[in-house]
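> So that we are looking at the same thing, I have put the structure below in structure tokens.
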Amino acid sequence: MGEILVLVEHRNGALRDITHEMLNKADALSRARSHTVTAVVIGGKELSFLDHVTERADEVLLFEDDRLSHFSADLSADILAGLIEERRPFLTLMAHSSWGMNLAPALAVKIGYPLATDAVDILVDQDRPMVIRQVYSGKMFCRVSFQESQGYLITVRSGVFPPHRAGERRGDLIRRDMPAGIPESRTQFVEFVDTAAGEVDIAQAQLLVSVGRGIGEEENVPVMQELADLMGGVLSCSRPVVDKNWLPKFRQVGTSGKSVKPKVYLAFGISGAFQHVAGISGAGTVIAVNKDRKAPIFRAADYGVVDDLFNVAAALKEKLKH
Amino acid sequence: MDIVVCVKRVPLTQEVDLEITPEGREIKKDSLVYVMNDWDNYAVEEAVLLQEKFGGSVTAVTIGDEEDEEVLRRALAMGADRAIRIEPGERQLDSFVVSRILAQVIREIPHDIVLTGVQADDDNCGMVGIMLAEHLHLAHAAVVTGMEPENGEAEIKMELEGGIDEISRIKLPAVLSIQTGINEPRYVSIMGIRKARKKELKVVDLGDLNIPEEDLAPRTVVEEFFLPPETAGAEFIEGDATFVAEKILEIIKEKGGTG
């Protein structure tokens, strides 16, 4: 019997999906081992989503303060360090998000607890958790154990645990004061900028012709644009293509770009990093063309073609022109 | 402005069939080609860009054996002034231990900004940079895609999920983990790497760093590697390109993905 803490991630007054997913996993783990689930909310005033959290946790600890109206890794780490010191939870779950990646490692060093990141599964054996995670860009999995500790920290990959079903719990909402003596945050929020807006909205397309690192060089972008036009589709891409400035960010599919929901998604030379695959979960049918039969994209695809993408593109063009 | 950049040499695993070693806790690496971790390549470029703009020095640091000096030479060829390799011997390292060792070395070097990649392409852990910051009691930011230092602070851009960037101001000195795409890493020629051999590359033995033994104990242990679980996966379309194209067009028509 112990406690599982879940740090609620929210932005602009809305819960992030990962929060539901973490609460769901915490729920499953708690049932197996009779743990309790405690959600921790750190934020500014007047948070409207608290009901969604209380019905999914045994207890909700709310740290509400104007200084917390924007996420600060410094303040979150100090608050959680104090809380973990006080309650000694068996397990603390945080999101493997940009914010979580800026918080969890600092917290781990601060309190001397071991941390495993980017978990795609969490197992508990002999009162010690174990984590399943992916290595080598998803081409290999591994099982990681922890050195014995009073408690353990894990960051959770988004999209791997189903969101919580209707909440069955009715946790007490406990307002906590921001601990005294916490130093000022060394980072100060300025603003959010939407980088995904642009001349086409790939999220609205019915057919996406999407290109990845496999297109090799910038000169090949027009070749694939021409194919997309011939097919009556819209050209989109994966991250490496945007990193190299071959296509603008508003065409990027994935967690840091856009989630798309076309009827058919054609992936050319995309290896299928999980950040990309997470962005196509709403696609009707996924067809992937890649030279590497072991590329992770084939696990997310309905149809696969193992070939040079330019062979397939040329044959498609030939068919469409006649 | 003095900058330290941490780099790692990793195997290229795209378009390669990976095999697990008999011990079951790693992949076979004998036949793999090694490169500088992609994220670190961007971090080195960012370090050199900062130095070109503000002056000061760039020191590249890695932990590894002699072969890993290859990525330090690349960093030197890109414009770093000096490099340090920390020789760990036979020790098992996890991210915590790596960050602790880096902290011990970087503490002794002038640093206004410390850069790392967001994560390494092998273990995909993504925690060394921010752990390092905490060991050094420095401000930190993760997944950074832009920075403008000014008067002891920097305006930084961090990439969040869903196509949103967050702009913040951070106090310097700070540790920033760099995301790919922040810049265009410069091309490095064989000649450039050869010339960089004249630059200082210092080797430090882990044993000489006086790190308490308890801080060198890994916090996490990889118990086993296994291949991705079999899922339904794709139905493969076999045949020549013309057949494949016909089949793709049929599927698109059937699934309503036209227009």
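By order of appearance in the structure tokens: chains A, B, ..., then residues from 1 within every chain, and ligands from 1 in the order shown.
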With 7 Å as the limit and counting only C-alpha atoms, what residues in chain B lie close to chain A? Please list them as a PDB file with C-alpha atoms, in the first residue's frame.


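Final output, part_38.pdb:
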```
ATOM      1  CA  THR B  13      20.556   2.484 -36.972  1.00  0.00           C
ATOM      2  CA  GLU B  15      18.007   0.993 -42.591  1.00  0.00           C
ATOM      3  CA  ASP B  17      18.722  -4.769 -39.045  1.00  0.00           C
ATOM      4  CA  ASP B 121      19.744   8.727 -30.699  1.00  0.00           C
ATOM      5  CA  ASP B 122      20.735   5.485 -28.942  1.00  0.00           C
ATOM      6  CA  ASP B 123      19.102   5.417 -25.497  1.00  0.00           C
ATOM      7  CA  ASN B 124      16.561   8.185 -26.221  1.00  0.00           C
ATOM      8  CA  CYS B 125      16.520   9.104 -22.498  1.00  0.00           C
ATOM      9  CA  MET B 127      17.671  13.664 -19.241  1.00  0.00           C
ATOM     10  CA  ILE B 130      18.648  18.921 -17.219  1.00  0.00           C
ATOM     11  CA  MET B 131      20.244  16.643 -14.590  1.00  0.00           C
ATOM     12  CA  GLU B 134      20.635  20.600 -11.321  1.00  0.00           C
ATOM     13  CA  HIS B 135      24.065  19.260 -10.286  1.00  0.00           C
ATOM     14  CA  ALA B 139      18.783  27.522 -14.643  1.00  0.00           C
ATOM     15  CA  ALA B 141      15.368  24.795 -20.389  1.00  0.00           C
ATOM     16  CA  ALA B 142      14.545  21.769 -22.550  1.00  0.00           C
ATOM     17  CA  VAL B 143      13.720  21.365 -26.245  1.00  0.00           C
ATOM     18  CA  GLU B 159       9.118  23.757 -28.640  1.00  0.00           C
ATOM     19  CA  LEU B 160       5.953  22.456 -26.994  1.00  0.00           C
ATOM     20  CA  GLU B 161       3.557  19.843 -28.326  1.00  0.00           C
ATOM     21  CA  GLY B 162       0.932  20.775 -30.915  1.00  0.00           C
ATOM     22  CA  GLY B 163       2.876  23.289 -32.987  1.00  0.00           C
ATOM     23  CA  ILE B 164       3.205  25.796 -30.118  1.00  0.00           C
ATOM     24  CA  ASP B 165       6.445  27.505 -29.134  1.00  0.00           C
ATOM     25  CA  GLU B 166       6.925  29.039 -25.713  1.00  0.00           C
ATOM     26  CA  ILE B 167       9.028  32.173 -25.436  1.00  0.00           C
ATOM     27  CA  SER B 168      10.686  32.737 -22.061  1.00  0.00           C
ATOM     28  CA  ARG B 169      13.496  34.718 -20.495  1.00  0.00           C
ATOM     29  CA  ILE B 170      16.105  32.678 -18.636  1.00  0.00           C
ATOM     30  CA  LYS B 171      18.858  33.815 -16.289  1.00  0.00           C
ATOM     31  CA  THR B 180      17.003  19.649 -34.060  1.00  0.00           C
ATOM     32  CA  GLY B 181      16.191  22.319 -36.631  1.00  0.00           C
ATOM     33  CA  ARG B 219      20.238   4.664 -10.638  1.00  0.00           C
ATOM     34  CA  THR B 220      18.713   2.581 -13.404  1.00  0.00           C
ATOM     35  CA  VAL B 221      19.698  -0.735 -14.956  1.00  0.00           C
ATOM     36  CA  VAL B 222      18.759  -2.095 -18.379  1.00  0.00           C
ATOM     37  CA  GLU B 223      17.606  -5.659 -17.652  1.00  0.00           C
ATOM     38  CA  GLU B 224      16.923  -6.798 -21.181  1.00  0.00           C
ATOM     39  CA  PHE B 225      16.526  -5.750 -24.777  1.00  0.00           C
ATOM     40  CA  PHE B 226      13.771  -7.188 -26.905  1.00  0.00           C
ATOM     41  CA  LEU B 227      12.449  -6.707 -30.402  1.00  0.00           C
ATOM     42  CA  PRO B 228       9.307  -4.635 -30.830  1.00  0.00           C
ATOM     43  CA  THR B 231       1.509  -6.125 -33.916  1.00  0.00           C
ATOM     44  CA  GLY B 233       1.251  -4.168 -38.746  1.00  0.00           C
ATOM     45  CA  ALA B 234       1.110  -3.532 -42.436  1.00  0.00           C
ATOM     46  CA  GLU B 235      -0.068  -5.850 -45.161  1.00  0.00           C
ATOM     47  CA  PHE B 236       2.804  -5.728 -47.605  1.00  0.00           C
ATOM     48  CA  ILE B 237       2.093  -5.080 -51.265  1.00  0.00           C
ATOM     49  CA  GLU B 238       4.588  -7.134 -53.249  1.00  0.00           C
ATOM     50  CA  ALA B 241       6.388  -0.576 -59.074  1.00  0.00           C
ATOM     51  CA  THR B 242       3.616  -0.494 -61.708  1.00  0.00           C
ATOM     52  CA  ALA B 245       1.075   1.943 -58.018  1.00  0.00           C
ATOM     53  CA  ILE B 252      -7.173   5.372 -52.299  1.00  0.00           C
ATOM     54  CA  LYS B 255     -11.135   4.502 -48.995  1.00  0.00           C
ATOM     55  CA  GLY B 256     -12.393   7.773 -50.433  1.00  0.00           C
ATOM     56  CA  GLY B 257      -9.095   9.597 -50.266  1.00  0.00           C
ATOM     57  CA  THR B 258      -9.503  11.362 -53.592  1.00  0.00           C
ATOM     58  CA  GLY B 259      -9.721  15.110 -53.979  1.00  0.00           C
TER      59      GLY B 259
END
```

> Would you pick out the contacts of B:Leu138 at 8 Å or less, using only C-alpha atoms, so that residues sharing its chain but fewer than 2 positions from it are not included, and give the list as a list in words?

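In the requested format, the answer is Ala133, Glu134, His135, Leu136, His140, Leu172, Pro173, Ala174 and Val175 of chain B.
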
> Write the residues you've just listed into a file as a PDB file, in the first residue's frame, and include N, CA and C atoms for each of them.


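Produced file out35.pdb, reproduced below:
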```
ATOM      1  N   ALA B 133      22.223  20.402 -15.217  1.00  0.00           N
ATOM      2  CA  ALA B 133      21.878  21.734 -14.715  1.00  0.00           C
ATOM      3  C   ALA B 133      21.650  21.695 -13.207  1.00  0.00           C
ATOM      4  N   GLU B 134      20.940  20.680 -12.749  1.00  0.00           N
ATOM      5  CA  GLU B 134      20.635  20.600 -11.321  1.00  0.00           C
ATOM      6  C   GLU B 134      21.893  20.330 -10.494  1.00  0.00           C
ATOM      7  N   HIS B 135      22.787  19.479 -10.988  1.00  0.00           N
ATOM      8  CA  HIS B 135      24.065  19.260 -10.286  1.00  0.00           C
ATOM      9  C   HIS B 135      24.821  20.578 -10.152  1.00  0.00           C
ATOM     10  N   LEU B 136      24.750  21.415 -11.195  1.00  0.00           N
ATOM     11  CA  LEU B 136      25.503  22.674 -11.204  1.00  0.00           C
ATOM     12  C   LEU B 136      24.690  23.830 -10.612  1.00  0.00           C
ATOM     13  N   HIS B 140      17.669  26.124 -16.302  1.00  0.00           N
ATOM     14  CA  HIS B 140      17.669  25.178 -17.413  1.00  0.00           C
ATOM     15  C   HIS B 140      16.402  25.278 -18.241  1.00  0.00           C
ATOM     16  N   LEU B 172      21.157  33.677 -17.036  1.00  0.00           N
ATOM     17  CA  LEU B 172      22.416  32.988 -17.331  1.00  0.00           C
ATOM     18  C   LEU B 172      23.317  33.038 -16.094  1.00  0.00           C
ATOM     19  N   PRO B 173      24.213  32.077 -15.914  1.00  0.00           N
ATOM     20  CA  PRO B 173      24.440  30.911 -16.768  1.00  0.00           C
ATOM     21  C   PRO B 173      23.287  29.911 -16.712  1.00  0.00           C
ATOM     22  N   ALA B 174      23.140  29.178 -17.813  1.00  0.00           N
ATOM     23  CA  ALA B 174      22.051  28.216 -17.908  1.00  0.00           C
ATOM     24  C   ALA B 174      22.473  27.017 -18.747  1.00  0.00           C
ATOM     25  N   VAL B 175      21.753  25.923 -18.559  1.00  0.00           N
ATOM     26  CA  VAL B 175      21.927  24.734 -19.401  1.00  0.00           C
ATOM     27  C   VAL B 175      20.707  24.637 -20.314  1.00  0.00           C
TER      28      VAL B 175
END
```

> For B:His111, please output as a list in words all residues within 12 Å (counting only C-alpha atoms; exclusion window: fewer than 3 positions along the same chain).

Met1, Asp2, Ile3, Val4, Val5, Ala47, Gly56, Ser57, Val58, Thr59, Ala60, Ala103, Val105, Ile106, Arg107, Glu108, Val114, Leu115, Ala133, Leu136, Leu138, Leu172, Pro173, Ala174 and Val175 of chain B

> Hey, what does DSSP flag as helix (DSSP H, G or I) within stretch 31-90 of chain B? Can you give it to me as a PDB file with N, CA and C atoms, in the first residue's frame?


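Saved file selection-v9.pdb follows:
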```
ATOM      1  N   ASP B  38      22.704  13.354 -33.640  1.00  0.00           N
ATOM      2  CA  ASP B  38      22.106  14.402 -34.467  1.00  0.00           C
ATOM      3  C   ASP B  38      21.809  15.674 -33.658  1.00  0.00           C
ATOM      4  N   TRP B  39      21.203  15.509 -32.487  1.00  0.00           N
ATOM      5  CA  TRP B  39      20.858  16.674 -31.655  1.00  0.00           C
ATOM      6  C   TRP B  39      22.124  17.441 -31.252  1.00  0.00           C
ATOM      7  N   ASP B  40      23.197  16.694 -30.973  1.00  0.00           N
ATOM      8  CA  ASP B  40      24.449  17.329 -30.531  1.00  0.00           C
ATOM      9  C   ASP B  40      25.071  18.143 -31.663  1.00  0.00           C
ATOM     10  N   ASN B  41      24.888  17.677 -32.894  1.00  0.00           N
ATOM     11  CA  ASN B  41      25.388  18.387 -34.062  1.00  0.00           C
ATOM     12  C   ASN B  41      24.798  19.806 -34.095  1.00  0.00           C
ATOM     13  N   TYR B  42      23.496  19.894 -33.819  1.00  0.00           N
ATOM     14  CA  TYR B  42      22.839  21.207 -33.768  1.00  0.00           C
ATOM     15  C   TYR B  42      23.342  22.011 -32.560  1.00  0.00           C
ATOM     16  N   ALA B  43      23.605  21.333 -31.443  1.00  0.00           N
ATOM     17  CA  ALA B  43      24.085  22.028 -30.242  1.00  0.00           C
ATOM     18  C   ALA B  43      25.470  22.619 -30.486  1.00  0.00           C
ATOM     19  N   VAL B  44      26.346  21.866 -31.169  1.00  0.00           N
ATOM     20  CA  VAL B  44      27.684  22.375 -31.476  1.00  0.00           C
ATOM     21  C   VAL B  44      27.575  23.590 -32.399  1.00  0.00           C
ATOM     22  N   GLU B  45      26.747  23.474 -33.438  1.00  0.00           N
ATOM     23  CA  GLU B  45      26.561  24.600 -34.358  1.00  0.00           C
ATOM     24  C   GLU B  45      26.084  25.839 -33.594  1.00  0.00           C
ATOM     25  N   GLU B  46      25.137  25.641 -32.682  1.00  0.00           N
ATOM     26  CA  GLU B  46      24.600  26.772 -31.915  1.00  0.00           C
ATOM     27  C   GLU B  46      25.706  27.393 -31.050  1.00  0.00           C
ATOM     28  N   ALA B  47      26.544  26.536 -30.463  1.00  0.00           N
ATOM     29  CA  ALA B  47      27.658  27.032 -29.644  1.00  0.00           C
ATOM     30  C   ALA B  47      28.601  27.887 -30.490  1.00  0.00           C
ATOM     31  N   VAL B  48      28.912  27.394 -31.673  1.00  0.00           N
ATOM     32  CA  VAL B  48      29.845  28.107 -32.548  1.00  0.00           C
ATOM     33  C   VAL B  48      29.216  29.422 -33.044  1.00  0.00           C
ATOM     34  N   LEU B  49      27.928  29.398 -33.344  1.00  0.00           N
ATOM     35  CA  LEU B  49      27.237  30.630 -33.767  1.00  0.00           C
ATOM     36  C   LEU B  49      27.280  31.685 -32.652  1.00  0.00           C
ATOM     37  N   LEU B  50      27.064  31.233 -31.417  1.00  0.00           N
ATOM     38  CA  LEU B  50      27.103  32.171 -30.283  1.00  0.00           C
ATOM     39  C   LEU B  50      28.489  32.780 -30.135  1.00  0.00           C
ATOM     40  N   GLN B  51      29.494  31.922 -30.299  1.00  0.00           N
ATOM     41  CA  GLN B  51      30.867  32.402 -30.157  1.00  0.00           C
ATOM     42  C   GLN B  51      31.219  33.384 -31.275  1.00  0.00           C
ATOM     43  N   GLU B  52      30.756  33.099 -32.481  1.00  0.00           N
ATOM     44  CA  GLU B  52      31.025  34.002 -33.606  1.00  0.00           C
ATOM     45  C   GLU B  52      30.390  35.371 -33.364  1.00  0.00           C
ATOM     46  N   LYS B  53      29.254  35.387 -32.678  1.00  0.00           N
ATOM     47  CA  LYS B  53      28.531  36.631 -32.446  1.00  0.00           C
ATOM     48  C   LYS B  53      29.054  37.380 -31.222  1.00  0.00           C
ATOM     49  N   PHE B  54      29.364  36.639 -30.163  1.00  0.00           N
ATOM     50  CA  PHE B  54      29.701  37.298 -28.889  1.00  0.00           C
ATOM     51  C   PHE B  54      31.144  37.113 -28.458  1.00  0.00           C
ATOM     52  N   GLU B  66      38.751   6.094 -26.789  1.00  0.00           N
ATOM     53  CA  GLU B  66      39.497   6.820 -27.811  1.00  0.00           C
ATOM     54  C   GLU B  66      38.713   7.004 -29.105  1.00  0.00           C
ATOM     55  N   GLU B  67      37.931   5.986 -29.464  1.00  0.00           N
ATOM     56  CA  GLU B  67      37.157   6.083 -30.710  1.00  0.00           C
ATOM     57  C   GLU B  67      36.149   7.229 -30.667  1.00  0.00           C
ATOM     58  N   ASP B  68      35.687   7.539 -29.457  1.00  0.00           N
ATOM     59  CA  ASP B  68      34.707   8.608 -29.320  1.00  0.00           C
ATOM     60  C   ASP B  68      35.305   9.996 -29.573  1.00  0.00           C
ATOM     61  N   GLU B  69      36.641  10.057 -29.643  1.00  0.00           N
ATOM     62  CA  GLU B  69      37.294  11.333 -29.949  1.00  0.00           C
ATOM     63  C   GLU B  69      36.903  11.841 -31.336  1.00  0.00           C
ATOM     64  N   GLU B  70      36.443  10.931 -32.173  1.00  0.00           N
ATOM     65  CA  GLU B  70      35.970  11.280 -33.508  1.00  0.00           C
ATOM     66  C   GLU B  70      34.925  12.415 -33.471  1.00  0.00           C
ATOM     67  N   VAL B  71      34.011  12.356 -32.497  1.00  0.00           N
ATOM     68  CA  VAL B  71      32.979  13.413 -32.448  1.00  0.00           C
ATOM     69  C   VAL B  71      33.552  14.709 -31.886  1.00  0.00           C
ATOM     70  N   LEU B  72      34.573  14.587 -31.043  1.00  0.00           N
ATOM     71  CA  LEU B  72      35.232  15.812 -30.547  1.00  0.00           C
ATOM     72  C   LEU B  72      35.969  16.502 -31.690  1.00  0.00           C
ATOM     73  N   ARG B  73      36.628  15.699 -32.538  1.00  0.00           N
ATOM     74  CA  ARG B  73      37.350  16.296 -33.678  1.00  0.00           C
ATOM     75  C   ARG B  73      36.378  16.973 -34.629  1.00  0.00           C
ATOM     76  N   ARG B  74      35.240  16.368 -34.777  1.00  0.00           N
ATOM     77  CA  ARG B  74      34.222  16.990 -35.624  1.00  0.00           C
ATOM     78  C   ARG B  74      33.796  18.332 -35.024  1.00  0.00           C
ATOM     79  N   ALA B  75      33.574  18.342 -33.698  1.00  0.00           N
ATOM     80  CA  ALA B  75      33.183  19.595 -33.019  1.00  0.00           C
ATOM     81  C   ALA B  75      34.285  20.639 -33.179  1.00  0.00           C
ATOM     82  N   LEU B  76      35.546  20.213 -33.065  1.00  0.00           N
ATOM     83  CA  LEU B  76      36.676  21.139 -33.236  1.00  0.00           C
ATOM     84  C   LEU B  76      36.707  21.678 -34.664  1.00  0.00           C
ATOM     85  N   ALA B  77      36.439  20.802 -35.620  1.00  0.00           N
ATOM     86  CA  ALA B  77      36.425  21.229 -37.019  1.00  0.00           C
ATOM     87  C   ALA B  77      35.275  22.196 -37.293  1.00  0.00           C
ATOM     88  N   MET B  78      34.195  22.057 -36.560  1.00  0.00           N
ATOM     89  CA  MET B  78      33.061  22.980 -36.735  1.00  0.00           C
ATOM     90  C   MET B  78      33.362  24.343 -36.114  1.00  0.00           C
TER      91      MET B  78
END
```

> Which value, in Å to one decimal, gives the distance between atom CA of B:Glu150 and atom CA of B:Ile113?

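One can read the atom CA of B:Glu150 to atom CA of B:Ile113 distance as 12.1 Å.
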
> Could you pull out the residues in stretch 1-248 of chain B that DSSP calls strand (DSSP E) from the backbone, as number ranges by chain?

B: 3-6, 9-11, 34-36, 58-63, 82-87, 113-117, 139-150, 153-159, 164-171, 174-178, 200-205, 220-226, 235-236
